[in-house]
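Have a look at model-v7.cif; it's mmCIF, C-alpha atoms and all ligand atoms:
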```
data_final
loop_
_atom_site.group_PDB
_atom_site.id
_atom_site.type_symbol
_atom_site.label_atom_id
_atom_site.label_comp_id
_atom_site.auth_asym_id
_atom_site.auth_seq_id
_atom_site.Cartn_x
_atom_site.Cartn_y
_atom_site.Cartn_z
ATOM 1 C CA MET K 1 0.000 0.000 0.000
ATOM 2 C CA THR K 2 1.327 3.473 -0.869
ATOM 3 C CA PRO K 3 1.960 5.390 2.357
ATOM 4 C CA PRO K 4 0.670 8.937 2.745
ATOM 5 C CA VAL K 5 3.215 11.689 2.090
ATOM 6 C CA LEU K 6 3.935 14.082 4.938
ATOM 7 C CA TYR K 7 5.550 17.410 4.140
ATOM 8 C CA SER K 8 7.144 18.397 7.393
ATOM 9 C CA PHE K 9 9.729 20.663 8.958
ATOM 10 C CA ARG K 10 11.558 19.276 11.943
ATOM 11 C CA ARG K 11 11.373 22.366 14.132
ATOM 12 C CA CYS K 12 7.849 23.491 13.205
ATOM 13 C CA PRO K 13 5.535 23.088 16.214
ATOM 14 C CA TYR K 14 2.563 22.317 14.001
ATOM 15 C CA ALA K 15 4.516 19.615 12.173
ATOM 16 C CA MET K 16 5.748 18.191 15.486
ATOM 17 C CA ARG K 17 2.246 17.598 16.765
ATOM 18 C CA ALA K 18 1.195 16.038 13.489
ATOM 19 C CA ARG K 19 4.181 13.696 13.564
ATOM 20 C CA MET K 20 3.441 12.692 17.161
ATOM 21 C CA ALA K 21 -0.144 11.772 16.262
ATOM 22 C CA LEU K 22 0.872 9.841 13.151
ATOM 23 C CA TRP K 23 3.519 7.988 15.136
ATOM 24 C CA THR K 24 1.137 7.126 17.963
ATOM 25 C CA ALA K 25 -1.507 5.995 15.504
ATOM 26 C CA GLY K 26 1.075 3.633 14.026
ATOM 27 C CA ILE K 27 0.823 5.167 10.567
ATOM 28 C CA THR K 28 3.832 4.957 8.299
ATOM 29 C CA VAL K 29 4.300 8.004 6.093
ATOM 30 C CA GLU K 30 6.783 9.039 3.476
ATOM 31 C CA LEU K 31 8.434 11.983 5.175
ATOM 32 C CA ARG K 32 9.486 14.897 3.006
ATOM 33 C CA GLU K 33 11.493 17.388 5.025
ATOM 34 C CA VAL K 34 10.850 20.898 3.761
ATOM 35 C CA LYS K 35 13.197 23.851 3.810
ATOM 36 C CA LEU K 36 10.753 26.727 4.282
ATOM 37 C CA ALA K 37 12.982 29.097 2.311
ATOM 38 C CA ALA K 38 12.907 26.739 -0.694
ATOM 39 C CA LYS K 39 9.553 24.964 -0.692
ATOM 40 C CA PRO K 40 9.323 22.139 -3.207
ATOM 41 C CA PRO K 41 6.865 22.709 -6.071
ATOM 42 C CA ALA K 42 5.123 19.434 -5.174
ATOM 43 C CA LEU K 43 4.166 20.904 -1.774
ATOM 44 C CA ILE K 44 2.793 24.082 -3.364
ATOM 45 C CA ALA K 45 0.898 22.010 -5.935
ATOM 46 C CA ALA K 46 -0.687 19.925 -3.170
ATOM 47 C CA SER K 47 -1.513 22.911 -0.961
ATOM 48 C CA PRO K 48 -1.068 26.399 -2.422
ATOM 49 C CA LYS K 49 -0.944 28.004 1.023
ATOM 50 C CA ALA K 50 2.253 26.002 1.388
ATOM 51 C CA THR K 51 2.519 25.755 5.135
ATOM 52 C CA VAL K 52 3.702 22.596 6.845
ATOM 53 C CA PRO K 53 2.571 20.057 7.812
ATOM 54 C CA VAL K 54 0.687 18.785 4.770
ATOM 55 C CA LEU K 55 -0.433 15.186 4.449
ATOM 56 C CA VAL K 56 -1.264 13.775 1.024
ATOM 57 C CA LEU K 57 -3.126 10.478 1.122
ATOM 58 C CA ALA K 58 -2.743 7.740 -1.465
ATOM 59 C CA ASP K 59 -6.089 8.707 -3.052
ATOM 60 C CA GLY K 60 -4.895 12.301 -3.477
ATOM 61 C CA THR K 61 -6.775 13.762 -0.513
ATOM 62 C CA VAL K 62 -4.826 16.667 0.973
ATOM 63 C CA ILE K 63 -4.976 17.510 4.682
ATOM 64 C CA ASP K 64 -3.159 20.755 5.310
ATOM 65 C CA GLN K 65 -3.934 21.688 8.906
ATOM 66 C CA SER K 66 -1.996 20.066 11.714
ATOM 67 C CA LEU K 67 -5.012 19.457 13.956
ATOM 68 C CA ALA K 68 -6.868 17.871 11.046
ATOM 69 C CA ILE K 69 -3.881 15.596 10.385
ATOM 70 C CA MET K 70 -3.872 14.588 14.047
ATOM 71 C CA ARG K 71 -7.595 13.839 14.002
ATOM 72 C CA TRP K 72 -7.338 11.917 10.742
ATOM 73 C CA ALA K 73 -4.465 9.794 12.087
ATOM 74 C CA LEU K 74 -6.212 9.035 15.373
ATOM 75 C CA ALA K 75 -9.462 8.236 13.594
ATOM 76 C CA GLN K 76 -7.534 5.395 11.902
ATOM 77 C CA HIS K 77 -6.135 4.130 15.169
ATOM 78 C CA ASP K 78 -6.061 5.651 18.638
ATOM 79 C CA PRO K 79 -4.265 3.151 20.871
ATOM 80 C CA GLU K 80 -3.774 5.599 23.768
ATOM 81 C CA GLY K 81 -7.279 7.085 23.647
ATOM 82 C CA TRP K 82 -6.054 10.565 22.691
ATOM 83 C CA LEU K 83 -9.277 11.670 21.033
ATOM 84 C CA ALA K 84 -11.077 11.498 24.355
ATOM 85 C CA GLY K 85 -8.918 14.419 25.464
ATOM 86 C CA ASP K 86 -9.539 16.831 22.596
ATOM 87 C CA ASP K 87 -10.253 20.062 24.480
ATOM 88 C CA ALA K 88 -11.202 22.687 21.904
ATOM 89 C CA GLY K 89 -11.034 25.571 24.390
ATOM 90 C CA LEU K 90 -7.466 24.926 25.507
ATOM 91 C CA ILE K 91 -6.315 24.288 21.959
ATOM 92 C CA ALA K 92 -7.936 27.490 20.650
ATOM 93 C CA ALA K 93 -6.304 29.510 23.445
ATOM 94 C CA ASN K 94 -2.953 27.964 22.536
ATOM 95 C CA ASP K 95 -3.203 28.361 18.782
ATOM 96 C CA GLY K 96 -4.667 31.864 19.052
ATOM 97 C CA PRO K 97 -3.595 34.226 21.833
ATOM 98 C CA PHE K 98 -0.744 32.138 23.220
ATOM 99 C CA LYS K 99 0.858 31.697 19.800
ATOM 100 C CA HIS K 100 0.378 35.412 19.131
ATOM 101 C CA HIS K 101 2.289 36.414 22.250
ATOM 102 C CA LEU K 102 4.816 33.596 21.851
ATOM 103 C CA ASP K 103 5.862 34.822 18.399
ATOM 104 C CA ARG K 104 6.252 38.370 19.663
ATOM 105 C CA ALA K 105 8.113 37.334 22.799
ATOM 106 C CA LYS K 106 10.433 35.208 20.693
ATOM 107 C CA TYR K 107 11.107 37.776 17.999
ATOM 108 C CA PRO K 108 10.800 41.216 19.640
ATOM 109 C CA GLY K 109 10.640 43.956 17.002
ATOM 110 C CA ARG K 110 9.700 41.651 14.152
ATOM 111 C CA TYR K 111 6.063 42.688 14.232
ATOM 112 C CA GLU K 112 5.355 46.209 13.064
ATOM 113 C CA GLU K 113 2.140 46.640 15.006
ATOM 114 C CA ASP K 114 4.048 45.821 18.151
ATOM 115 C CA GLY K 115 3.235 48.322 20.870
ATOM 116 C CA PRO K 116 4.404 48.425 24.465
ATOM 117 C CA THR K 117 2.786 45.053 25.295
ATOM 118 C CA ASP K 118 4.920 42.746 27.409
ATOM 119 C CA HIS K 119 4.334 39.671 25.297
ATOM 120 C CA ARG K 120 6.308 37.363 27.542
ATOM 121 C CA ALA K 121 4.115 38.332 30.504
ATOM 122 C CA ALA K 122 0.964 38.008 28.391
ATOM 123 C CA ALA K 123 1.944 34.511 27.245
ATOM 124 C CA LEU K 124 2.871 33.548 30.792
ATOM 125 C CA ALA K 125 -0.552 34.630 32.060
ATOM 126 C CA LEU K 126 -2.157 32.256 29.555
ATOM 127 C CA LEU K 127 -0.292 29.340 31.120
ATOM 128 C CA ALA K 128 -1.952 29.801 34.515
ATOM 129 C CA PRO K 129 -5.077 27.793 33.565
ATOM 130 C CA LEU K 130 -2.837 24.913 32.510
ATOM 131 C CA GLU K 131 -1.102 24.924 35.881
ATOM 132 C CA THR K 132 -4.534 24.807 37.526
ATOM 133 C CA ARG K 133 -5.550 21.859 35.336
ATOM 134 C CA LEU K 134 -2.427 20.003 36.293
ATOM 135 C CA GLU K 135 -3.256 20.339 39.968
ATOM 136 C CA ARG K 136 -5.978 17.783 39.294
ATOM 137 C CA ALA K 137 -4.088 15.287 37.146
ATOM 138 C CA ARG K 138 -0.686 14.628 35.590
ATOM 139 C CA TYR K 139 -1.843 15.630 32.124
ATOM 140 C CA LEU K 140 -4.268 18.270 30.876
ATOM 141 C CA CYS K 141 -7.214 15.928 30.414
ATOM 142 C CA GLY K 142 -6.448 13.219 32.934
ATOM 143 C CA ASP K 143 -3.699 10.935 34.114
ATOM 144 C CA ALA K 144 -2.438 9.983 30.675
ATOM 145 C CA ARG K 145 -1.326 12.151 27.759
ATOM 146 C CA THR K 146 -3.992 12.907 25.193
ATOM 147 C CA PHE K 147 -4.632 15.022 22.112
ATOM 148 C CA THR K 148 -4.624 18.308 24.049
ATOM 149 C CA ASP K 149 -1.233 17.703 25.672
ATOM 150 C CA ILE K 150 0.325 16.897 22.335
ATOM 151 C CA ALA K 151 -1.353 19.796 20.536
ATOM 152 C CA LEU K 152 0.058 22.285 23.073
ATOM 153 C CA LEU K 153 3.425 20.706 23.844
ATOM 154 C CA PRO K 154 5.510 22.085 20.939
ATOM 155 C CA PHE K 155 4.367 25.644 21.609
ATOM 156 C CA ILE K 156 5.026 25.550 25.342
ATOM 157 C CA ARG K 157 8.405 23.998 24.575
ATOM 158 C CA GLN K 158 9.166 26.935 22.302
ATOM 159 C CA PHE K 159 8.108 29.440 24.945
ATOM 160 C CA ALA K 160 10.221 27.761 27.631
ATOM 161 C CA ALA K 161 13.215 27.693 25.293
ATOM 162 C CA ILE K 162 13.244 31.468 24.797
ATOM 163 C CA ASP K 163 14.881 31.766 28.207
ATOM 164 C CA PRO K 164 15.036 28.423 30.033
ATOM 165 C CA ALA K 165 16.340 29.904 33.294
ATOM 166 C CA TRP K 166 13.534 32.463 33.393
ATOM 167 C CA PHE K 167 10.908 29.823 32.591
ATOM 168 C CA ALA K 168 12.270 27.507 35.294
ATOM 169 C CA ALA K 169 11.946 30.327 37.824
ATOM 170 C CA GLN K 170 8.223 30.889 37.169
ATOM 171 C CA PRO K 171 5.671 29.562 39.679
ATOM 172 C CA LEU K 172 4.486 26.773 37.352
ATOM 173 C CA PRO K 173 5.852 23.618 39.009
ATOM 174 C CA ARG K 174 3.276 21.270 37.514
ATOM 175 C CA LEU K 175 3.555 22.656 34.023
ATOM 176 C CA GLN K 176 7.346 22.529 34.221
ATOM 177 C CA ALA K 177 7.190 18.870 35.283
ATOM 178 C CA TRP K 178 4.613 18.150 32.545
ATOM 179 C CA LEU K 179 6.902 19.707 29.939
ATOM 180 C CA GLU K 180 9.938 17.805 31.156
ATOM 181 C CA ARG K 181 7.990 14.529 31.168
ATOM 182 C CA LEU K 182 6.698 14.935 27.637
ATOM 183 C CA LEU K 183 9.994 16.196 26.225
ATOM 184 C CA GLY K 184 11.719 13.216 27.835
ATOM 185 C CA SER K 185 9.264 10.742 26.331
ATOM 186 C CA ASP K 186 10.159 8.136 23.746
ATOM 187 C CA LEU K 187 7.434 9.622 21.571
ATOM 188 C CA PHE K 188 9.024 13.047 21.425
ATOM 189 C CA ALA K 189 12.460 11.600 20.708
ATOM 190 C CA ALA K 190 10.984 9.424 17.975
ATOM 191 C CA VAL K 191 9.582 12.351 16.012
ATOM 192 C CA MET K 192 12.600 14.639 16.262
ATOM 193 C CA GLY K 193 14.976 12.786 13.955
ATOM 194 C CA LYS K 194 16.897 14.860 11.428
ATOM 195 C CA PHE K 195 16.327 14.511 7.707
ATOM 196 C CA ALA K 196 17.884 16.283 4.757
ATOM 197 C CA PRO K 197 15.472 18.496 2.798
ATOM 198 C CA TRP K 198 13.540 16.472 0.221
ATOM 199 C CA GLN K 199 13.897 17.071 -3.497
ATOM 200 C CA GLU K 200 11.882 15.679 -6.385
ATOM 201 C CA GLY K 201 13.424 12.368 -7.432
ATOM 202 C CA ASP K 202 14.833 11.522 -3.982
ATOM 203 C CA ALA K 203 14.316 8.000 -2.672
ATOM 204 C CA ALA K 204 11.387 7.811 -0.265
ATOM 205 C CA VAL K 205 12.251 8.237 3.419
ATOM 206 C CA LEU K 206 9.789 6.195 5.420
ATOM 207 C CA PHE K 207 8.808 7.424 8.863
ATOM 208 C CA THR K 208 7.726 4.173 10.449
ATOM 209 C CA PRO K 209 6.520 3.651 14.007
ATOM 210 C CA PRO K 210 8.099 0.486 15.403
ATOM 211 C CA ALA K 211 5.289 -1.047 17.454
ATOM 212 C CA PRO K 212 2.380 -2.767 15.768
ATOM 213 C CA PRO K 213 -0.824 -0.769 16.233
ATOM 214 C CA GLY K 214 -2.967 -1.703 19.203
ATOM 215 C CA THR K 215 -0.211 -2.966 21.434
ATOM 216 C CA HIS K 216 0.370 -0.010 23.746
ATOM 217 C CA ARG K 217 -2.957 1.260 25.077
ATOM 218 C CA PRO K 218 -2.429 1.740 28.825
ATOM 219 C CA ALA K 219 -4.639 -0.595 30.797
ATOM 220 C CA SER K 220 -5.506 2.247 33.206
ATOM 221 C CA LEU K 221 -7.332 4.345 30.595
ATOM 222 C CA PRO K 222 -11.116 4.439 30.771
ATOM 223 C CA PRO K 223 -12.826 2.489 28.026
ATOM 224 C CA GLY K 224 -14.329 5.314 26.039
ATOM 225 C CA PRO K 225 -14.733 9.066 25.570
ATOM 226 C CA ALA K 226 -17.753 9.421 27.853
ATOM 227 C CA ALA K 227 -15.734 8.656 30.978
ATOM 228 C CA HIS K 228 -12.975 11.103 30.111
ATOM 229 C CA PRO K 229 -12.700 14.558 31.743
ATOM 230 C CA CYS K 230 -12.293 16.303 28.377
ATOM 231 C CA ALA K 231 -14.840 14.210 26.509
ATOM 232 C CA THR K 232 -17.520 16.878 26.513
ATOM 233 C CA ALA K 233 -15.204 19.832 25.975
ATOM 234 C CA ARG K 234 -15.678 20.202 22.234
HETATM 235 N N1 LIG I 301 -2.577 26.356 10.782
HETATM 236 C C1 LIG I 301 -1.450 25.643 10.225
HETATM 237 C C2 LIG I 301 -0.182 26.454 10.515
HETATM 238 C C3 LIG I 301 1.069 25.829 9.934
HETATM 239 C C4 LIG I 301 2.226 26.822 9.883
HETATM 240 O O1 LIG I 301 2.038 28.038 10.020
HETATM 241 N N2 LIG I 301 3.435 26.284 9.667
HETATM 242 C C5 LIG I 301 4.558 27.168 9.460
HETATM 243 C C6 LIG I 301 5.863 26.560 9.934
HETATM 244 S S1 LIG I 301 5.919 26.349 11.688
HETATM 245 C C7 LIG I 301 4.737 27.403 7.973
HETATM 246 O O2 LIG I 301 4.683 26.479 7.196
HETATM 247 N N3 LIG I 301 4.934 28.647 7.568
HETATM 248 C C8 LIG I 301 5.120 28.971 6.184
HETATM 249 C C9 LIG I 301 6.364 29.719 5.914
HETATM 250 O O3 LIG I 301 7.117 30.007 6.841
HETATM 251 O O4 LIG I 301 6.614 30.015 4.743
HETATM 252 C C10 LIG I 301 -1.402 24.230 10.811
HETATM 253 O O5 LIG I 301 -1.929 24.028 11.913
HETATM 254 O O6 LIG I 301 -0.900 23.310 10.156
#
```

Could you take the file, read its structure, and then write that structure out as structure tokens?
Amino acid sequence: MTPPVLYSFRRCPYAMRARMALWTAGITVELREVKLAAKPPALIAASPKATVPVLVLADGTVIDQSLAIMRWALAQHDPEGWLAGDDAGLIAANDGPFKHHLDRAKYPGRYEEDGPTDHRAAALALLAPLETRLERARYLCGDARTFTDIALLPFIRQFAAIDPAWFAAQPLPRLQAWLERLLGSDLFAAVMGKFAPWQEGDAAVLFTPPAPPGTHRPASLPPGPAAHPCATAR
């Protein structure tokens, strides 16, 4: 069977979360690493907006939003029950206001409309609800990682990496531990391999999860979405 093609960029947070979902779902893809400064024509032909990640299925279907790629992958196979923890509110706050302030905190002066806002402080304030969530459980939607954790992880990682010493000094002990746990996971390591940028004519690079699907659902997870704390959130 022809594997789907994933246009990806190693350090892109959107591509990271898509790769983590594909990996967890046990879906092999042909990975095409993209250099954003020199996007391959095949990517632009598949998705003219030409952002990564883009997934092209064997039947030609194009999925060009990271959350949609995650949901598609987990709809095929969801061995850890991630879809039960798909919290639209937290994800919208991350992808909207948090990302807005993150970009401006990371690249001060890059944005012309930038006023006197303290973007680092504004982004930090948006993390408080996550700390509160984590007072109740080890992950954002319960005691195991789910969709919401993975959707937010690459962005919080980026924010923490702006100034690791400053981030470590903030009163967010649970979020700091959450970040460390997820960044230290086998899953994160598995999706952060380095690949040379793809060019037309290159041999296919297969991105293949090692474990057969269905073998690693934690026994402690509840049986279905209804029992999950985030099940009714979207
Ligand atoms: N909403 C999109 C956003 C994807 C996105 O903005 N990706 C960035 C890289 S992190 C990109 O491709 N930017 C295009 C560029 O820099 O030319 C998604 O969720 O997939």

Checklist entry - Applied to this file, what does the PyMOL selection byres (((not hetatm)) within 10 of (chain I and resi 301)) return in terms of residues, put as an NGL selection string? => result :K and (7-18 or 34-39 or 49-55 or 63-70 or 95 or 151)

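Between Ala144 (chain K) and the residues K:Gly60, K:Pro164, K:Gly85, K:Pro4, the shortest atom-to-atom distance, using all atoms listed in the file, involves K:Gly85.
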
What residues come out when you apply the PyMOL selection byres (((chain K and resi 162) around 10) and not hetatm) to this file, written as a compact mmCIF listing (two decimals) with C-alpha atoms, keeping the file's coordinate frame?
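Saved as part18.txt:
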```
# COMPACT_ATOMS: atom_id res chain seq x y z
CA LEU K 102 4.82 33.60 21.85
CA ALA K 105 8.11 37.33 22.80
CA LYS K 106 10.43 35.21 20.69
CA TYR K 107 11.11 37.78 18.00
CA ARG K 120 6.31 37.36 27.54
CA ARG K 157 8.40 24.00 24.58
CA GLN K 158 9.17 26.94 22.30
CA PHE K 159 8.11 29.44 24.94
CA ALA K 160 10.22 27.76 27.63
CA ALA K 161 13.22 27.69 25.29
CA ASP K 163 14.88 31.77 28.21
CA PRO K 164 15.04 28.42 30.03
CA ALA K 165 16.34 29.90 33.29
CA TRP K 166 13.53 32.46 33.39
CA PHE K 167 10.91 29.82 32.59
```

Item to check | Closest of K:Ile27, K:Phe147, K:Val5, K:Phe207 to Thr61 (chain K) - atom-to-atom distances counting only C-alpha atoms | outcome: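 Once distances to Thr61 (chain K) are computed over only C-alpha atoms, the minimum belongs to K:Val5.
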
Item to check | Within 12 Å of Asp118 (chain K) using all atoms listed in the file, minus same-chain residues under 4 positions, as a ChimeraX atom specification | outcome: /K:100-102,104-106,108-109,114,122-125

Output for the residues just chosen: C-alpha atoms as a CSV table (one decimal), in the frame of the given file:
```csv
chain,number,residue,atom,x,y,z
K,100,HIS,CA,0.4,35.4,19.1
K,101,HIS,CA,2.3,36.4,22.2
K,102,LEU,CA,4.8,33.6,21.9
K,104,ARG,CA,6.3,38.4,19.7
K,105,ALA,CA,8.1,37.3,22.8
K,106,LYS,CA,10.4,35.2,20.7
K,108,PRO,CA,10.8,41.2,19.6
K,109,GLY,CA,10.6,44.0,17.0
K,114,ASP,CA,4.0,45.8,18.2
K,122,ALA,CA,1.0,38.0,28.4
K,123,ALA,CA,1.9,34.5,27.2
K,124,LEU,CA,2.9,33.5,30.8
K,125,ALA,CA,-0.6,34.6,32.1
```

Checklist entry - Which one of K:Ala190, K:Thr2, K:Leu90, K:Ala196 sits closest to Thr208 (chain K) if you count only C-alpha atoms? => result K:Ala190
